[in-house]
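Quick look at data-v1.cif (mmCIF, C-alpha atoms and all ligand atoms):
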data_model
loop_
_atom_site.label_atom_id
_atom_site.label_comp_id
_atom_site.auth_asym_id
_atom_site.auth_seq_id
_atom_site.Cartn_x
_atom_site.Cartn_y
_atom_site.Cartn_z
CA MET G 439 -4.82 -17.21 13.65
CA THR G 440 -1.49 -15.63 14.68
CA GLU G 441 -1.65 -11.84 15.04
CA VAL G 442 0.05 -10.22 12.09
CA ILE G 443 1.63 -6.87 11.40
CA LEU G 444 0.17 -5.33 8.27
CA LEU G 445 2.74 -3.07 6.62
CA LYS G 446 2.32 -0.99 3.47
CA LEU G 447 5.52 -0.02 1.64
CA GLY G 448 4.50 3.03 -0.38
CA GLY G 449 5.41 2.92 -4.06
CA SER G 450 7.11 6.31 -3.86
CA VAL G 451 9.54 4.91 -1.25
CA ILE G 452 10.41 1.56 -2.84
CA THR G 453 10.63 2.82 -6.45
CA HIS G 454 11.84 6.00 -8.14
CA LYS G 455 8.31 7.09 -8.92
CA HIS G 456 9.22 9.73 -11.50
CA ASP G 457 11.76 7.58 -13.39
CA SER G 458 10.88 5.86 -16.63
CA PRO G 459 11.59 2.99 -17.20
CA PRO G 460 10.68 2.05 -13.62
CA ARG G 461 13.54 1.61 -11.17
CA LEU G 462 13.70 0.04 -7.72
CA ALA G 463 14.83 2.43 -4.95
CA ILE G 464 17.29 -0.22 -3.88
CA ASN G 465 18.91 1.66 -0.99
CA ASN G 466 15.53 2.32 0.63
CA VAL G 467 14.50 -1.32 0.20
CA ARG G 468 17.78 -2.58 1.72
CA ARG G 469 17.39 -0.23 4.69
CA ILE G 470 13.74 -1.25 5.20
CA ALA G 471 14.77 -4.92 5.17
CA LYS G 472 17.37 -4.18 7.88
CA GLU G 473 14.77 -2.35 10.00
CA LEU G 474 12.52 -5.42 9.74
CA GLN G 475 15.21 -7.93 10.73
CA GLY G 476 14.27 -8.02 14.40
CA VAL G 477 10.51 -8.42 13.90
CA SER G 478 9.21 -11.52 15.64
CA SER G 479 5.53 -11.25 14.61
CA PRO G 480 4.48 -12.53 11.22
CA MET G 481 4.07 -9.83 8.59
CA ILE G 482 1.97 -9.19 5.56
CA VAL G 483 3.85 -6.61 3.54
CA VAL G 484 1.74 -4.84 0.91
CA LEU G 485 3.64 -3.04 -1.86
CA GLY G 486 2.30 0.03 -3.62
CA GLY G 487 2.65 0.11 -7.39
CA GLY G 488 5.11 3.00 -7.60
CA ALA G 489 6.75 3.57 -10.97
CA HIS G 490 6.29 -0.12 -11.88
CA GLY G 491 2.53 -0.19 -11.46
CA HIS G 492 1.32 3.34 -12.08
CA GLN G 493 3.25 4.19 -15.25
CA ALA G 494 2.14 1.01 -17.04
CA ALA G 495 -1.43 1.42 -15.77
CA HIS G 496 -1.51 5.05 -16.95
CA SER G 497 -0.21 4.16 -20.42
CA PHE G 498 -3.09 1.69 -20.91
CA GLY G 499 -5.69 4.26 -19.85
CA TYR G 500 -6.38 3.15 -16.28
CA GLY G 501 -7.65 6.06 -14.22
CA ASN G 502 -9.57 7.40 -17.24
CA PRO G 503 -13.25 6.33 -17.11
CA THR G 504 -13.62 6.51 -20.93
CA THR G 505 -10.92 3.87 -21.69
CA PRO G 506 -12.52 0.85 -23.43
CA SER G 507 -12.23 -2.50 -21.67
CA THR G 508 -10.25 -3.96 -24.60
CA LYS G 509 -7.45 -1.45 -23.95
CA LEU G 510 -7.53 -2.06 -20.19
CA ILE G 511 -7.31 -5.82 -20.73
CA ALA G 512 -4.46 -5.35 -23.22
CA GLY G 513 -2.48 -3.73 -20.39
CA ILE G 514 -2.71 -6.73 -18.04
CA PRO G 515 0.51 -8.53 -19.12
CA GLN G 516 2.68 -5.39 -18.90
CA ILE G 517 1.36 -4.34 -15.49
CA ARG G 518 1.68 -7.89 -14.17
CA ARG G 519 5.22 -8.17 -15.49
CA ASN G 520 6.20 -4.94 -13.77
CA MET G 521 4.58 -5.85 -10.45
CA THR G 522 6.13 -9.33 -10.58
CA GLU G 523 9.56 -7.77 -11.14
CA LEU G 524 9.05 -5.31 -8.26
CA SER G 525 7.74 -7.88 -5.80
CA SER G 526 10.37 -10.50 -6.60
CA SER G 527 13.19 -7.93 -6.21
CA ILE G 528 11.84 -7.12 -2.76
CA GLU G 529 11.44 -10.76 -1.82
CA HIS G 530 15.05 -11.30 -2.86
CA ILE G 531 16.37 -8.40 -0.74
CA PHE G 532 14.27 -9.57 2.22
CA SER G 533 15.74 -13.05 1.88
CA GLN G 534 19.31 -11.65 1.77
CA ASN G 535 18.46 -10.05 5.13
CA GLY G 536 17.12 -13.23 6.68
CA ILE G 537 13.43 -12.39 6.22
CA ASN G 538 11.67 -15.39 4.71
CA SER G 539 8.75 -14.44 2.55
CA VAL G 540 6.74 -15.46 -0.48
CA VAL G 541 4.91 -13.27 -2.96
CA ILE G 542 1.16 -13.87 -3.25
CA PRO G 543 -0.20 -11.67 -6.05
CA PRO G 544 -3.87 -10.59 -5.85
CA PHE G 545 -4.32 -11.06 -9.64
CA ALA G 546 -4.42 -14.85 -9.33
CA SER G 547 -7.32 -14.98 -6.87
CA THR G 548 -9.25 -11.70 -6.95
CA PHE G 549 -12.29 -10.45 -8.85
CA LEU G 550 -13.40 -6.85 -8.79
CA ASN G 551 -16.70 -5.24 -9.69
CA ASP G 552 -16.45 -1.57 -10.63
CA GLY G 553 -13.18 -1.37 -8.70
CA GLU G 554 -14.53 -3.04 -5.53
CA ILE G 555 -13.31 -6.44 -4.31
CA ILE G 556 -15.97 -9.12 -4.72
CA SER G 557 -13.72 -12.12 -4.12
CA PHE G 558 -10.24 -12.31 -2.61
CA SER G 559 -8.72 -15.55 -1.41
CA LEU G 560 -7.29 -15.38 2.10
CA SER G 561 -6.65 -19.08 2.66
CA ILE G 562 -3.17 -19.26 1.10
CA MET G 563 -2.09 -16.10 2.94
CA GLU G 564 -3.38 -17.50 6.24
CA ARG G 565 -1.67 -20.82 5.67
CA THR G 566 1.60 -19.06 4.78
CA ILE G 567 1.50 -16.99 7.97
CA GLU G 568 0.69 -20.08 10.05
CA SER G 569 3.69 -21.80 8.44
CA GLY G 570 5.95 -19.05 9.80
CA ILE G 571 6.59 -17.45 6.40
CA ASN G 572 5.93 -13.76 5.79
CA VAL G 573 3.67 -12.70 2.94
CA ILE G 574 4.47 -10.08 0.32
CA THR G 575 1.48 -8.94 -1.68
CA HIS G 576 0.84 -5.75 -3.62
CA GLY G 577 -1.46 -3.46 -5.52
CA ASP G 578 -2.25 -5.22 -8.78
CA VAL G 579 -4.32 -5.31 -11.92
CA CYS G 580 -7.33 -7.65 -11.61
CA TYR G 581 -10.26 -8.75 -13.74
CA ASP G 582 -13.28 -6.53 -13.15
CA LEU G 583 -16.82 -7.69 -14.02
CA GLN G 584 -17.95 -4.26 -15.25
CA ARG G 585 -14.79 -2.68 -16.61
CA GLY G 586 -12.94 -5.74 -17.94
CA ALA G 587 -9.93 -5.00 -15.74
CA ALA G 588 -9.17 -2.49 -12.97
CA ILE G 589 -6.38 -1.52 -10.62
CA LEU G 590 -6.62 -2.85 -7.10
CA SER G 591 -4.75 -0.39 -4.92
CA GLY G 592 -2.42 -1.63 -2.18
CA ASP G 593 -4.44 0.55 0.22
CA THR G 594 -7.61 -1.36 -0.69
CA VAL G 595 -5.72 -4.61 -0.03
CA ILE G 596 -4.64 -3.24 3.38
CA THR G 597 -8.24 -2.25 4.20
CA TYR G 598 -9.54 -5.67 3.18
CA LEU G 599 -6.88 -7.53 5.19
CA ALA G 600 -7.34 -5.22 8.19
CA HIS G 601 -10.99 -6.19 8.29
CA SER G 602 -10.47 -9.93 7.73
CA MET G 603 -7.28 -10.68 9.65
CA HIS G 604 -7.50 -8.54 12.81
CA PRO G 605 -3.86 -7.44 12.63
CA LYS G 606 -2.10 -6.29 15.76
CA ARG G 607 -0.67 -3.25 13.98
CA ILE G 608 -1.36 -1.46 10.66
CA LEU G 609 1.56 0.65 9.44
CA ILE G 610 1.32 2.71 6.26
CA GLY G 611 4.74 3.84 5.05
CA THR G 612 4.72 6.85 2.71
CA ASP G 613 7.17 9.59 1.65
CA VAL G 614 5.66 12.24 3.94
CA ASP G 615 5.43 12.55 7.74
CA GLY G 616 1.67 11.97 7.80
CA ILE G 617 -1.44 13.90 6.83
CA PHE G 618 -0.95 17.67 6.89
CA ASP G 619 -3.50 20.37 7.69
CA GLY G 620 -2.35 22.27 4.56
CA ASN G 621 0.02 21.65 1.64
CA PRO G 622 3.56 21.60 3.13
CA ARG G 623 5.03 22.32 -0.36
CA ASN G 624 3.57 25.82 -0.46
CA ASN G 625 2.47 26.46 3.12
CA PRO G 626 5.38 26.65 5.62
CA HIS G 627 2.87 26.63 8.51
CA ALA G 628 1.28 23.30 7.50
CA LYS G 629 1.50 20.80 10.37
CA VAL G 630 1.06 17.04 10.64
CA VAL G 631 -2.36 16.12 12.04
CA PRO G 632 -1.57 13.65 14.86
CA ARG G 633 -4.94 11.89 14.76
CA ILE G 634 -7.92 11.63 12.42
CA ASP G 635 -11.14 10.32 13.93
CA SER G 636 -14.86 11.07 13.83
CA SER G 637 -14.31 14.50 15.41
CA ASN G 638 -12.14 15.95 12.60
CA ARG G 639 -12.34 13.63 9.60
CA GLU G 640 -14.62 15.78 7.39
CA GLN G 641 -12.51 18.88 7.94
CA ILE G 642 -9.21 17.05 7.29
CA LEU G 643 -10.49 15.19 4.23
CA SER G 644 -11.48 18.48 2.62
CA GLN G 645 -7.84 19.65 2.92
CA VAL G 646 -6.00 16.54 1.71
CA GLU G 647 -4.64 16.74 -1.83
CA SER G 648 -4.02 13.90 -4.26
CA SER G 649 -0.48 12.87 -5.15
CA SER G 650 1.56 14.82 -7.72
CA ALA G 651 3.28 11.88 -9.48
CA ILE G 652 1.26 9.71 -11.85
CA ASP G 653 -1.07 7.79 -9.57
CA VAL G 654 -4.07 6.04 -11.06
CA THR G 655 -5.49 5.04 -7.67
CA GLY G 656 -6.08 8.43 -6.07
CA GLY G 657 -3.09 9.14 -3.81
CA MET G 658 -3.33 10.35 -0.24
CA LEU G 659 -7.01 11.31 -0.15
CA LYS G 660 -8.12 7.83 -1.24
CA LYS G 661 -5.67 6.34 1.27
CA VAL G 662 -7.22 8.17 4.22
CA GLN G 663 -10.74 7.38 3.02
CA GLU G 664 -9.83 3.69 2.78
CA LEU G 665 -8.33 3.64 6.28
CA LEU G 666 -11.34 5.44 7.76
CA SER G 667 -13.60 2.85 6.13
CA ILE G 668 -12.02 -0.26 7.73
CA GLN G 669 -15.00 -2.15 9.02
CA GLY G 670 -15.27 -3.08 12.66
CA GLY G 671 -14.73 0.45 13.96
CA ASN G 672 -11.97 1.93 16.12
CA ILE G 673 -9.20 0.25 14.16
CA GLU G 674 -6.02 2.31 14.25
CA SER G 675 -3.72 2.70 11.25
CA ILE G 676 -0.51 4.71 11.38
CA ILE G 677 0.60 6.79 8.38
CA PHE G 678 4.31 7.61 8.71
CA ASN G 679 7.39 8.64 6.74
CA LEU G 680 9.18 5.51 5.58
CA THR G 681 11.93 7.52 3.86
CA VAL G 682 13.32 8.56 7.28
CA PRO G 683 15.68 5.86 8.62
CA GLY G 684 14.64 4.33 11.93
CA ARG G 685 10.98 5.33 12.01
CA LEU G 686 9.70 1.94 10.86
CA GLU G 687 11.83 0.15 13.45
CA ARG G 688 10.63 2.49 16.22
CA LEU G 689 6.99 1.90 15.30
CA ILE G 690 7.50 -1.85 15.16
CA ASN G 691 8.92 -1.62 18.70
CA GLY G 692 5.90 0.38 19.89
CA LYS G 693 7.84 3.67 20.16
CA SER G 694 6.45 7.01 19.04
CA VAL G 695 7.41 8.87 15.87
CA ILE G 696 5.91 11.82 14.05
CA CYS G 697 2.90 10.34 12.21
CA THR G 698 -0.87 10.47 11.72
CA LYS G 699 -3.03 7.90 13.47
CA VAL G 700 -6.25 7.21 11.61
CA LEU G 701 -9.11 5.69 13.58
CA SER G 702 -11.78 3.93 11.52
CA ARG G 703 -15.41 4.84 12.19
O1 LIG W 801 0.20 2.29 -5.36
C1 LIG W 801 -1.38 0.42 -7.33
O2 LIG W 801 -1.22 0.28 -5.93
P1 LIG W 801 -1.08 1.60 -5.00
C2 LIG W 801 -0.99 -0.85 -8.07
O3 LIG W 801 -1.07 1.08 -3.60
C3 LIG W 801 -0.82 -0.69 -9.54
O4 LIG W 801 -2.28 2.46 -5.26
C4 LIG W 801 -0.63 -1.91 -10.30
C5 LIG W 801 -0.84 0.46 -10.18
#
As structure tokens:
Amino acid sequence: MTEVILLKLGGSVITHKHDSPPRLAINNVRRIAKELQGVSSPMIVVLGGGAHGHQAAHSFGYGNPTTPSTKLIAGIPQIRRNMTELSSSIEHIFSQNGINSVVIPPFASTFLNDGEIISFSLSIMERTIESGINVITHGDVCYDLQRGAAILSGDTVITYLAHSMHPKRILIGTDVDGIFDGNPRNNPHAKVVPRIDSSNREQILSQVESSSAIDVTGGMLKKVQELLSIQGGNIESIIFNLTVPGRLERLINGKSVICTKVLSR
């Protein structure tokens, strides 16, 4: 299997997360596509839900453990419609920039049980990569054996693919420089933690706050927990600021940028 780059495009970078109705952050997406133009390795690009996924999920009661399964299931078409719109807009912009890709949505081949993946089909993704076509996938709504339906976060997809596909690089693009040792919004002394591993993970996890915009999948804390849990051990993921032009391209080229490296246990 060809070695892939696994890249998460955070929902707060590719959409206007606080805008309703949801809106693509088109300038960011165009710039990201330009930064990816020179990439020679195959890519699996995983989109976060952003405004498209999280607002619809929130309005149907996802994220609230008391929501009945009938209401969750009633939300499937709207969430799917939004995620299809988001992913196909990105596929279109990639194609305008010479990046061939297809969208493979998790909904069509994934079952969850209490929010955890119990089946996820890799074969079409593998075949697509072997054919020389990049894959776009995303956080999605999926059937869930216990809850009726649940949100599969893009970070969980990244973790699952990191374990199964042995990627050569895992890049997690967000709207902040990395994981901070305090809240940078109210603590001017907060600094980016360059590396999270077994020596500091408990201390750092106790300081990480969840995201402020509507986010039914748990924000930054859940993200770090997911990355620390990638099975196989010693797998490095890089959390970086995708809103700053040039950082993605530098990382793709193996250059350093301000970021947090997370090493799985
Ligand atoms: O933004 C959530 O994915 P995430 C996907 O990566 C939906 O947590 C549909 C809300």
Find the residues near ligand LIG 801 (chain W). Use a cut-off of 9 Å, count all atoms listed in the file, and write them as an mmCIF file with C-alpha atoms, in the frame of the given file.
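Generated file (pocket21.cif):
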data_model
loop_
_atom_site.group_PDB
_atom_site.id
_atom_site.type_symbol
_atom_site.label_atom_id
_atom_site.label_comp_id
_atom_site.auth_asym_id
_atom_site.auth_seq_id
_atom_site.Cartn_x
_atom_site.Cartn_y
_atom_site.Cartn_z
ATOM 1 C CA LYS G 446 2.320 -0.990 3.470
ATOM 2 C CA LEU G 447 5.520 -0.020 1.640
ATOM 3 C CA GLY G 448 4.500 3.030 -0.380
ATOM 4 C CA GLY G 449 5.410 2.920 -4.060
ATOM 5 C CA SER G 450 7.110 6.310 -3.860
ATOM 6 C CA VAL G 484 1.740 -4.840 0.910
ATOM 7 C CA LEU G 485 3.640 -3.040 -1.860
ATOM 8 C CA GLY G 486 2.300 0.030 -3.620
ATOM 9 C CA GLY G 487 2.650 0.110 -7.390
ATOM 10 C CA GLY G 488 5.110 3.000 -7.600
ATOM 11 C CA ALA G 489 6.750 3.570 -10.970
ATOM 12 C CA HIS G 490 6.290 -0.120 -11.880
ATOM 13 C CA GLY G 491 2.530 -0.190 -11.460
ATOM 14 C CA HIS G 492 1.320 3.340 -12.080
ATOM 15 C CA GLN G 493 3.250 4.190 -15.250
ATOM 16 C CA ALA G 494 2.140 1.010 -17.040
ATOM 17 C CA ALA G 495 -1.430 1.420 -15.770
ATOM 18 C CA HIS G 496 -1.510 5.050 -16.950
ATOM 19 C CA TYR G 500 -6.380 3.150 -16.280
ATOM 20 C CA ILE G 517 1.360 -4.340 -15.490
ATOM 21 C CA ARG G 518 1.680 -7.890 -14.170
ATOM 22 C CA ASN G 520 6.200 -4.940 -13.770
ATOM 23 C CA MET G 521 4.580 -5.850 -10.450
ATOM 24 C CA HIS G 576 0.840 -5.750 -3.620
ATOM 25 C CA GLY G 577 -1.460 -3.460 -5.520
ATOM 26 C CA ASP G 578 -2.250 -5.220 -8.780
ATOM 27 C CA VAL G 579 -4.320 -5.310 -11.920
ATOM 28 C CA CYS G 580 -7.330 -7.650 -11.610
ATOM 29 C CA ALA G 588 -9.170 -2.490 -12.970
ATOM 30 C CA ILE G 589 -6.380 -1.520 -10.620
ATOM 31 C CA LEU G 590 -6.620 -2.850 -7.100
ATOM 32 C CA SER G 591 -4.750 -0.390 -4.920
ATOM 33 C CA GLY G 592 -2.420 -1.630 -2.180
ATOM 34 C CA ASP G 593 -4.440 0.550 0.220
ATOM 35 C CA THR G 594 -7.610 -1.360 -0.690
ATOM 36 C CA VAL G 595 -5.720 -4.610 -0.030
ATOM 37 C CA ILE G 596 -4.640 -3.240 3.380
ATOM 38 C CA ASP G 653 -1.070 7.790 -9.570
ATOM 39 C CA VAL G 654 -4.070 6.040 -11.060
ATOM 40 C CA THR G 655 -5.490 5.040 -7.670
ATOM 41 C CA GLY G 656 -6.080 8.430 -6.070
ATOM 42 C CA GLY G 657 -3.090 9.140 -3.810
ATOM 43 C CA LYS G 660 -8.120 7.830 -1.240
ATOM 44 C CA LYS G 661 -5.670 6.340 1.270
#
Practice item. Give as a ChimeraX atom specification the set of residues within 8 Å of the point (3.7, -1.9, 8.5), where distances use the file's coordinates and only C-alpha atoms. Key: /G:443-447,481,483,607-611,686,690
Exercise for review: Rank nothing, just name the residue among G:Ser497, G:Asn672, G:Asn638, G:Ser602 nearest to Ser458 in chain G, using all atoms listed in the file.
Suggested key: G:Ser497
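Among G:Gly499, G:Glu441, G:Glu529, G:Lys509, the residue with the shortest atom-to-atom distance to Ser479 in chain G, counting only C-alpha atoms, is G:Glu441.
From CA of Asp615 in chain G back to CA of Val662 in chain G, the distance works out to 13.8 Å.
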Study note, to complete from the structure: Residue with the minimum atom-to-atom distance to Ser667 in chain G, picked from G:Asp552, G:Asp635, G:Glu564, G:Glu687 with only C-alpha atoms counted, is G:Asp635
**Study point:** Two-atom distance - CA of Leu524 in chain G, CA of Ser507 in chain G (Å)
**Key:** 25.3 Å
Practice item. Scan for residues within 12 Å of the point (9.0, -19.9, -2.8) in the coordinates of the file, using all atoms listed in the file, and reply as a ChimeraX atom specification. Key: /G:526,529-530,533,538-542,566,571-574
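Here CA of Cys697 in chain G is placed at a distance of 8.4 Å from CA of Arg633 in chain G.
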Exercise for review: Skip Thr597 in chain G itself and residues of its chain fewer than 6 positions away, then list as a PyMOL selection string all residues within 8 Å of it, counting all atoms listed in the file.
Suggested key: chain G and resi 664-665+667-668
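Restricting the calculation to all atoms listed in the file, the smallest distance between Arg468 in chain G and any of G:Thr522, G:Thr612, G:Thr548, G:Ser527 is found for G:Ser527.
Of the residues under consideration (G:Ser561, G:Asn502, G:Thr681, G:Asn465), G:Asn465 shows the shortest atom-to-atom contact distance to Ile531 in chain G when counting all atoms listed in the file.
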